[in-house]
file model.pdb (PDB, C-alpha atoms)
ATOM      1  CA  MET A   3       0.000   0.000   0.000  1.00  0.00           C
ATOM      2  CA  LYS A   4       1.417   3.398  -0.961  1.00  0.00           C
ATOM      3  CA  PHE A   5       0.129   6.910  -0.461  1.00  0.00           C
ATOM      4  CA  ASP A   6       1.282  10.019  -2.208  1.00  0.00           C
ATOM      5  CA  THR A   7       2.141  13.357  -0.662  1.00  0.00           C
ATOM      6  CA  ASP A   8      -1.018  15.123  -1.821  1.00  0.00           C
ATOM      7  CA  GLY A   9      -3.090  13.104   0.637  1.00  0.00           C
ATOM      8  CA  ARG A  10      -4.646  10.631  -1.822  1.00  0.00           C
ATOM      9  CA  GLY A  11      -4.269   6.923  -1.397  1.00  0.00           C
ATOM     10  CA  ALA A  12      -5.609   3.556  -2.396  1.00  0.00           C
ATOM     11  CA  ARG A  13      -5.895   0.556  -0.134  1.00  0.00           C
ATOM     12  CA  ASN A  14      -5.934  -3.018  -1.436  1.00  0.00           C
ATOM     13  CA  MET A  15      -9.149  -4.277   0.173  1.00  0.00           C
ATOM     14  CA  ALA A  16      -9.166  -7.787  -1.334  1.00  0.00           C
ATOM     15  CA  ASP A  17      -7.489  -9.569  -4.185  1.00  0.00           C
ATOM     16  CA  SER A  18      -8.633  -7.050  -6.782  1.00  0.00           C
ATOM     17  CA  ASP A  19     -10.565  -4.356  -4.887  1.00  0.00           C
ATOM     18  CA  TYR A  20      -9.170  -0.932  -4.127  1.00  0.00           C
ATOM     19  CA  ALA A  21     -10.721   1.833  -2.089  1.00  0.00           C
ATOM     20  CA  GLU A  22      -9.627   5.401  -2.727  1.00  0.00           C
ATOM     21  CA  PHE A  23      -9.595   7.941   0.052  1.00  0.00           C
ATOM     22  CA  SER A  24      -8.213  11.360   0.821  1.00  0.00           C
ATOM     23  CA  ILE A  25      -6.612  12.995   3.818  1.00  0.00           C
ATOM     24  CA  ALA A  26      -7.429  16.583   4.782  1.00  0.00           C
ATOM     25  CA  HIS A  27      -4.382  18.836   4.958  1.00  0.00           C
ATOM     26  CA  ASP A  28      -5.585  21.062   7.803  1.00  0.00           C
ATOM     27  CA  ARG A  29      -6.220  18.352  10.426  1.00  0.00           C
ATOM     28  CA  LEU A  30      -4.431  16.355  13.065  1.00  0.00           C
ATOM     29  CA  TYR A  31      -4.846  12.571  13.164  1.00  0.00           C
ATOM     30  CA  THR A  32      -4.919   9.824  15.792  1.00  0.00           C
ATOM     31  CA  LEU A  33      -3.879   6.179  15.627  1.00  0.00           C
ATOM     32  CA  ASP A  34      -7.606   5.336  15.759  1.00  0.00           C
ATOM     33  CA  HIS A  35      -8.104   7.198  12.439  1.00  0.00           C
ATOM     34  CA  LEU A  36      -9.908  10.177  13.907  1.00  0.00           C
ATOM     35  CA  TRP A  37      -9.231  13.635  12.554  1.00  0.00           C
ATOM     36  CA  MET A  38      -9.133  16.686  14.777  1.00  0.00           C
ATOM     37  CA  GLN A  39      -9.525  20.278  13.636  1.00  0.00           C
ATOM     38  CA  VAL A  40      -8.712  23.092  16.057  1.00  0.00           C
ATOM     39  CA  LEU A  41     -11.556  25.606  15.804  1.00  0.00           C
ATOM     40  CA  ASP A  42     -10.403  28.266  18.246  1.00  0.00           C
ATOM     41  CA  GLU A  43      -8.501  28.993  21.420  1.00  0.00           C
ATOM     42  CA  ASP A  44     -10.089  31.030  24.181  1.00  0.00           C
ATOM     43  CA  LYS A  45      -7.126  32.633  25.948  1.00  0.00           C
ATOM     44  CA  GLU A  46      -9.361  34.062  28.676  1.00  0.00           C
ATOM     45  CA  GLU A  47     -10.875  30.665  29.557  1.00  0.00           C
ATOM     46  CA  GLY A  48      -7.669  28.791  28.712  1.00  0.00           C
ATOM     47  CA  THR A  49      -9.581  26.351  26.500  1.00  0.00           C
ATOM     48  CA  THR A  50      -9.302  25.042  22.954  1.00  0.00           C
ATOM     49  CA  SER A  51     -12.348  24.002  20.865  1.00  0.00           C
ATOM     50  CA  ILE A  52     -11.783  20.999  18.614  1.00  0.00           C
ATOM     51  CA  LYS A  53     -13.985  19.330  15.989  1.00  0.00           C
ATOM     52  CA  ILE A  54     -13.500  15.534  15.725  1.00  0.00           C
ATOM     53  CA  GLY A  55     -14.484  13.183  12.908  1.00  0.00           C
ATOM     54  CA  LEU A  56     -13.592   9.924  11.150  1.00  0.00           C
ATOM     55  CA  SER A  57     -10.744   9.730   8.638  1.00  0.00           C
ATOM     56  CA  GLU A  58     -11.659   8.443   5.157  1.00  0.00           C
ATOM     57  CA  PHE A  59      -9.028   5.754   5.691  1.00  0.00           C
ATOM     58  CA  LEU A  60     -11.319   4.115   8.255  1.00  0.00           C
ATOM     59  CA  MET A  61     -13.862   3.458   5.495  1.00  0.00           C
ATOM     60  CA  ALA A  62     -11.153   2.275   3.085  1.00  0.00           C
ATOM     61  CA  GLU A  63      -9.883  -0.190   5.674  1.00  0.00           C
ATOM     62  CA  PHE A  64     -13.134  -1.446   7.223  1.00  0.00           C
ATOM     63  CA  GLY A  65     -15.808  -0.744   4.596  1.00  0.00           C
ATOM     64  CA  GLU A  66     -18.981   1.291   4.400  1.00  0.00           C
ATOM     65  CA  VAL A  67     -20.077   3.004   7.598  1.00  0.00           C
ATOM     66  CA  ILE A  68     -23.618   1.878   8.373  1.00  0.00           C
ATOM     67  CA  GLN A  69     -24.032   3.213  11.917  1.00  0.00           C
ATOM     68  CA  ILE A  70     -22.440   5.854  14.128  1.00  0.00           C
ATOM     69  CA  VAL A  71     -23.335   6.235  17.783  1.00  0.00           C
ATOM     70  CA  LEU A  72     -21.939   9.210  19.662  1.00  0.00           C
ATOM     71  CA  ALA A  73     -21.308   9.104  23.396  1.00  0.00           C
ATOM     72  CA  ARG A  74     -23.778  10.984  25.521  1.00  0.00           C
ATOM     73  CA  PRO A  75     -23.393  12.075  29.109  1.00  0.00           C
ATOM     74  CA  ARG A  76     -25.881  10.626  31.565  1.00  0.00           C
ATOM     75  CA  ASP A  77     -27.838  13.902  31.463  1.00  0.00           C
ATOM     76  CA  ASP A  78     -28.635  14.753  27.809  1.00  0.00           C
ATOM     77  CA  SER A  79     -29.608  18.301  28.778  1.00  0.00           C
ATOM     78  CA  ASP A  80     -25.944  19.173  29.332  1.00  0.00           C
ATOM     79  CA  PHE A  81     -25.002  19.670  25.687  1.00  0.00           C
ATOM     80  CA  GLU A  82     -26.349  20.577  22.293  1.00  0.00           C
ATOM     81  CA  ILE A  83     -27.212  18.088  19.550  1.00  0.00           C
ATOM     82  CA  ASP A  84     -26.783  19.555  16.078  1.00  0.00           C
ATOM     83  CA  ALA A  85     -29.937  18.419  14.350  1.00  0.00           C
ATOM     84  CA  ASP A  86     -33.338  20.026  13.988  1.00  0.00           C
ATOM     85  CA  SER A  87     -33.492  22.566  16.797  1.00  0.00           C
ATOM     86  CA  GLY A  88     -37.108  21.653  17.489  1.00  0.00           C
ATOM     87  CA  LEU A  89     -38.137  25.310  17.465  1.00  0.00           C
ATOM     88  CA  SER A  90     -41.456  26.176  15.959  1.00  0.00           C
ATOM     89  CA  GLU A  91     -42.112  29.512  14.286  1.00  0.00           C
ATOM     90  CA  ASP A  92     -43.748  30.739  17.498  1.00  0.00           C
ATOM     91  CA  ASP A  93     -40.752  29.906  19.725  1.00  0.00           C
ATOM     92  CA  ASP A  94     -38.317  32.659  20.568  1.00  0.00           C
ATOM     93  CA  GLU A  95     -34.700  31.648  20.003  1.00  0.00           C
ATOM     94  CA  GLU A  96     -33.608  34.078  22.713  1.00  0.00           C
ATOM     95  CA  ASP A  97     -35.279  31.796  25.281  1.00  0.00           C
ATOM     96  CA  GLN A  98     -33.071  28.870  24.235  1.00  0.00           C
ATOM     97  CA  PRO A  99     -29.839  28.163  26.140  1.00  0.00           C
ATOM     98  CA  SER A 100     -26.665  29.400  24.467  1.00  0.00           C
ATOM     99  CA  LYS A 101     -23.855  27.012  23.561  1.00  0.00           C
ATOM    100  CA  ALA A 102     -21.918  28.318  26.545  1.00  0.00           C
ATOM    101  CA  ASP A 103     -24.799  27.239  28.793  1.00  0.00           C
ATOM    102  CA  THR A 104     -24.988  23.742  27.272  1.00  0.00           C
ATOM    103  CA  MET A 105     -21.539  22.414  28.111  1.00  0.00           C
ATOM    104  CA  GLY A 106     -21.573  18.643  28.457  1.00  0.00           C
ATOM    105  CA  ALA A 107     -19.918  16.056  30.599  1.00  0.00           C
ATOM    106  CA  GLN A 108     -16.193  15.452  30.922  1.00  0.00           C
ATOM    107  CA  VAL A 109     -14.830  12.553  28.843  1.00  0.00           C
ATOM    108  CA  ASP A 110     -11.400  11.095  29.602  1.00  0.00           C
ATOM    109  CA  THR A 111      -9.059   9.368  27.155  1.00  0.00           C
ATOM    110  CA  ASP A 112     -10.086   5.928  28.401  1.00  0.00           C
ATOM    111  CA  GLU A 113     -13.795   6.601  27.852  1.00  0.00           C
ATOM    112  CA  LEU A 114     -15.895   5.757  24.798  1.00  0.00           C
ATOM    113  CA  LEU A 115     -16.556   8.664  22.436  1.00  0.00           C
ATOM    114  CA  ILE A 116     -17.725   7.089  19.150  1.00  0.00           C
ATOM    115  CA  THR A 117     -19.029   3.645  18.149  1.00  0.00           C
ATOM    116  CA  VAL A 118     -18.785   2.895  14.419  1.00  0.00           C
ATOM    117  CA  THR A 119     -20.335  -0.099  12.652  1.00  0.00           C
ATOM    118  CA  THR A 120     -19.059  -0.906   9.162  1.00  0.00           C
ATOM    119  CA  ARG A 121     -19.929  -3.451   6.482  1.00  0.00           C
ATOM    120  CA  TYR A 122     -17.582  -4.976   3.927  1.00  0.00           C
ATOM    121  CA  ASP A 123     -18.503  -7.983   1.754  1.00  0.00           C
ATOM    122  CA  GLY A 124     -21.424  -8.841   4.022  1.00  0.00           C
ATOM    123  CA  GLU A 125     -19.227  -8.865   7.134  1.00  0.00           C
ATOM    124  CA  PHE A 126     -19.895  -6.409   9.933  1.00  0.00           C
ATOM    125  CA  ASP A 127     -17.306  -4.813  12.179  1.00  0.00           C
ATOM    126  CA  ARG A 128     -17.884  -2.619  15.224  1.00  0.00           C
ATOM    127  CA  MET A 129     -15.215  -0.230  16.464  1.00  0.00           C
ATOM    128  CA  LEU A 130     -15.287   1.387  19.868  1.00  0.00           C
ATOM    129  CA  ILE A 131     -13.231   4.570  19.729  1.00  0.00           C
ATOM    130  CA  ASN A 132     -12.166   6.323  22.906  1.00  0.00           C
ATOM    131  CA  ALA A 133     -11.717  10.072  23.247  1.00  0.00           C
ATOM    132  CA  PRO A 134      -8.277  11.121  21.946  1.00  0.00           C
ATOM    133  CA  ILE A 135      -7.981  13.755  24.704  1.00  0.00           C
ATOM    134  CA  SER A 136      -9.590  14.536  28.032  1.00  0.00           C
ATOM    135  CA  CYS A 137     -12.316  16.949  27.045  1.00  0.00           C
ATOM    136  CA  THR A 138     -15.802  18.267  27.569  1.00  0.00           C
ATOM    137  CA  ILE A 139     -18.413  17.507  24.894  1.00  0.00           C
ATOM    138  CA  VAL A 140     -19.873  20.761  23.598  1.00  0.00           C
ATOM    139  CA  GLU A 141     -21.872  19.602  20.595  1.00  0.00           C
ATOM    140  CA  LEU A 142     -22.875  16.346  18.919  1.00  0.00           C
ATOM    141  CA  ASN A 143     -23.627  16.044  15.218  1.00  0.00           C
ATOM    142  CA  GLY A 144     -27.011  14.314  15.251  1.00  0.00           C
ATOM    143  CA  HIS A 145     -27.045  14.374  11.443  1.00  0.00           C
ATOM    144  CA  VAL A 146     -24.194  11.855  11.254  1.00  0.00           C
ATOM    145  CA  GLU A 147     -26.069   9.492  13.588  1.00  0.00           C
ATOM    146  CA  ASP A 148     -29.289   9.842  11.570  1.00  0.00           C
ATOM    147  CA  ASN A 149     -27.465   9.541   8.238  1.00  0.00           C
ATOM    148  CA  PRO A 150     -24.206   7.556   8.593  1.00  0.00           C
ATOM    149  CA  ASP A 151     -23.754   7.747   4.793  1.00  0.00           C
ATOM    150  CA  LEU A 152     -22.412  11.252   5.458  1.00  0.00           C
ATOM    151  CA  ALA A 153     -19.231   9.594   6.767  1.00  0.00           C
ATOM    152  CA  ASN A 154     -18.877   7.675   3.502  1.00  0.00           C
ATOM    153  CA  GLU A 155     -19.581  10.738   1.342  1.00  0.00           C
ATOM    154  CA  ASP A 156     -18.165  13.754   3.197  1.00  0.00           C
ATOM    155  CA  ALA A 157     -15.894  12.575   6.020  1.00  0.00           C
ATOM    156  CA  TYR A 158     -14.056  15.896   6.327  1.00  0.00           C
ATOM    157  CA  GLY A 159     -17.112  18.109   5.986  1.00  0.00           C
ATOM    158  CA  ASP A 160     -20.670  17.497   7.181  1.00  0.00           C
ATOM    159  CA  ALA A 161     -19.766  14.152   8.784  1.00  0.00           C
ATOM    160  CA  TRP A 162     -17.928  15.574  11.777  1.00  0.00           C
ATOM    161  CA  CYS A 163     -18.955  13.758  14.958  1.00  0.00           C
ATOM    162  CA  VAL A 164     -18.379  15.966  18.000  1.00  0.00           C
ATOM    163  CA  ILE A 165     -17.081  19.349  19.056  1.00  0.00           C
ATOM    164  CA  VAL A 166     -15.201  19.300  22.322  1.00  0.00           C
ATOM    165  CA  LYS A 167     -13.364  21.730  24.561  1.00  0.00           C
ATOM    166  CA  THR A 168     -10.184  20.949  26.394  1.00  0.00           C
ATOM    167  CA  TYR A 169      -7.855  23.020  28.518  1.00  0.00           C
ATOM    168  CA  THR A 170      -5.211  24.525  26.266  1.00  0.00           C
ATOM    169  CA  ASP A 171      -2.469  23.410  28.666  1.00  0.00           C
ATOM    170  CA  ASP A 172      -3.694  19.794  28.289  1.00  0.00           C
ATOM    171  CA  PHE A 173      -3.798  19.893  24.480  1.00  0.00           C
ATOM    172  CA  ASP A 174      -0.408  19.222  22.903  1.00  0.00           C
ATOM    173  CA  GLU A 175      -0.656  19.135  19.103  1.00  0.00           C
ATOM    174  CA  ASP A 176       2.666  17.272  18.984  1.00  0.00           C
ATOM    175  CA  GLN A 177       1.033  14.147  20.476  1.00  0.00           C
ATOM    176  CA  PHE A 178      -1.006  13.793  17.273  1.00  0.00           C
ATOM    177  CA  MET A 179       0.007  13.318  13.648  1.00  0.00           C
ATOM    178  CA  ASP A 180      -0.110  15.968  10.959  1.00  0.00           C
ATOM    179  CA  LYS A 181      -0.960  14.967   7.373  1.00  0.00           C
ATOM    180  CA  ASP A 182       2.588  13.900   6.513  1.00  0.00           C
ATOM    181  CA  GLU A 183       3.072  11.864   9.695  1.00  0.00           C
ATOM    182  CA  TYR A 184      -0.311  10.208   9.182  1.00  0.00           C
ATOM    183  CA  LEU A 185       0.607   9.281   5.593  1.00  0.00           C
ATOM    184  CA  ALA A 186       3.922   7.844   6.800  1.00  0.00           C
ATOM    185  CA  MET A 187       2.095   5.766   9.418  1.00  0.00           C
ATOM    186  CA  LEU A 188      -0.385   4.480   6.818  1.00  0.00           C
ATOM    187  CA  ASN A 189       2.511   3.510   4.509  1.00  0.00           C
ATOM    188  CA  GLU A 190       3.875   1.306   7.288  1.00  0.00           C
ATOM    189  CA  LEU A 191       0.627  -0.646   7.726  1.00  0.00           C
ATOM    190  CA  PRO A 192       0.676  -4.230   6.376  1.00  0.00           C
TER     191      PRO A 192
END
call {"tool": "encode", "arguments": {"input": "model.pdb", "output": "structure tokens"}}
result
Amino acid sequence: MKFDTDGRGARNMADSDYAEFSIAHDRLYTLDHLWMQVLDEDKEEGTTSIKIGLSEFLMAEFGEVIQIVLARPRDDSDFEIDADSGLSEDDDEEDQPSKADTMGAQVDTDELLITVTTRYDGEFDRMLINAPISCTIVELNGHVEDNPDLANEDAYGDAWCVIVKTYTDDFDEDQFMDKDEYLAMLNELP
């Protein structure tokens, strides 16, 4: 298996099958094939907001994503789910809690963040993916749970899974791979 420097690759899935995939240039990557995109740093709060999703390589390696389940804190009222807001025309958006008021539960690196079920040649595989960093869930992408095909079609766009916040002091970008390091790691896979 070889990958080129522009972030495109092909993976030999079976004797004659190949799956093409791309790698976003502006992301960090984990060994579990998650991508992370730093959204902003709040110097006053000392926090960093990060969007997390599934790398296209995950689909090339394990097949079509057929289900995504995102971790939820015990109390669902603690965070925002990005789907239909549920507001009717008569509801006043000013009465709704702001994102700052909907911070979720703390998730540590040894805790489940995303469950992904894939299908390849009639075989199913389930992956349990832990949080790559200790963080607080801010927002879940309900659209990717309702329509897991988004992960197969737009992994680096609409198929993001969660937005989290972590303390800036706890977030070291050097512990994750940039595009080139991720490509090098993929080239070393059997």
call {"tool": "closest_residue", "arguments": {"input": "model.pdb", "among": "A:Ala107, A:Ile131, A:Ile68, A:Val118", "to": "A:Thr32", "atoms": "all atoms listed in the file"}}
result
A:Ile131
call {"tool": "closest_residue", "arguments": {"input": "model.pdb", "among": "A:Leu188, A:Val146, A:Thr170, A:Asp182", "to": "A:His27", "atoms": "only C-alpha atoms"}}
result
A:Asp182
call {"tool": "closest_residue", "arguments": {"input": "model.pdb", "among": "A:Pro134, A:Gly65, A:Gly144, A:Gly124", "to": "A:Cys163", "atoms": "only C-alpha atoms"}}
result
A:Gly144
call {"tool": "closest_residue", "arguments": {"input": "model.pdb", "among": "A:Phe64, A:Gly55, A:His145, A:Leu152", "to": "A:Val164", "atoms": "only C-alpha atoms"}}
result
A:Gly55
call {"tool": "resolve_selection", "arguments": {"input": "model.pdb", "expression": "the PyMOL selection byres ((chain A and resi 137) around 12)", "output": "count of residues only"}}
result
36
call {"tool": "residues_around", "arguments": {"input": "model.pdb", "residues": "A:Arg121", "least_positions_apart": "5", "cutoff": "10 Å", "atoms": "only C-alpha atoms", "output": "number ranges by chain"}}
result
A: 61, 64-69, 126-128
call {"tool": "atom_distance", "arguments": {"input": "model.pdb", "atom1": "atom CA of A:Ala62", "atom2": "atom CA of A:Asp34"}}
result
13.5 Å
call {"tool": "atom_distance", "arguments": {"input": "model.pdb", "atom1": "atom CA of A:Asn143", "atom2": "atom CA of A:Ala161"}}
result
7.7 Å
call {"tool": "atom_distance", "arguments": {"input": "model.pdb", "atom1": "atom CA of A:Leu33", "atom2": "atom CA of A:Leu142"}}
result
21.8 Å
call {"tool": "residues_around", "arguments": {"input": "model.pdb", "residues": "A:Asp28", "least_positions_apart": "4", "cutoff": "10 Å", "atoms": "all atoms listed in the file", "output": "MDAnalysis selection string"}}
result
chainID A and resid 37:40 180:181
call {"tool": "write_last_selection", "arguments": {"input": "model.pdb", "atoms": "C-alpha atoms", "output": "tab-separated table (two decimals), keeping the file's coordinate frame"}}
result
chain	number	residue	atom	x	y	z
A	37	TRP	CA	-9.23	13.64	12.55
A	38	MET	CA	-9.13	16.69	14.78
A	39	GLN	CA	-9.52	20.28	13.64
A	40	VAL	CA	-8.71	23.09	16.06
A	180	ASP	CA	-0.11	15.97	10.96
A	181	LYS	CA	-0.96	14.97	7.37
call {"tool": "closest_residue", "arguments": {"input": "model.pdb", "among": "A:Leu30, A:Asp123, A:Leu41, A:Asp156", "to": "A:Asp174", "atoms": "all atoms listed in the file"}}
result
A:Leu30
call {"tool": "axis_aligned_box", "arguments": {"input": "model.pdb", "around": "stretch 23-36 of chain A", "padding_each_side": "8 Å", "output": "AutoDock Vina command-line options"}}
result
--center_x -6.9 --center_y 13.2 --center_z 7.9 --size_x 22.0 --size_y 31.7 --size_z 31.7
call {"tool": "closest_residue", "arguments": {"input": "model.pdb", "among": "A:Glu147, A:Phe59, A:Asn189, A:Tyr184", "to": "A:Asp160", "atoms": "all atoms listed in the file"}}
result
A:Glu147
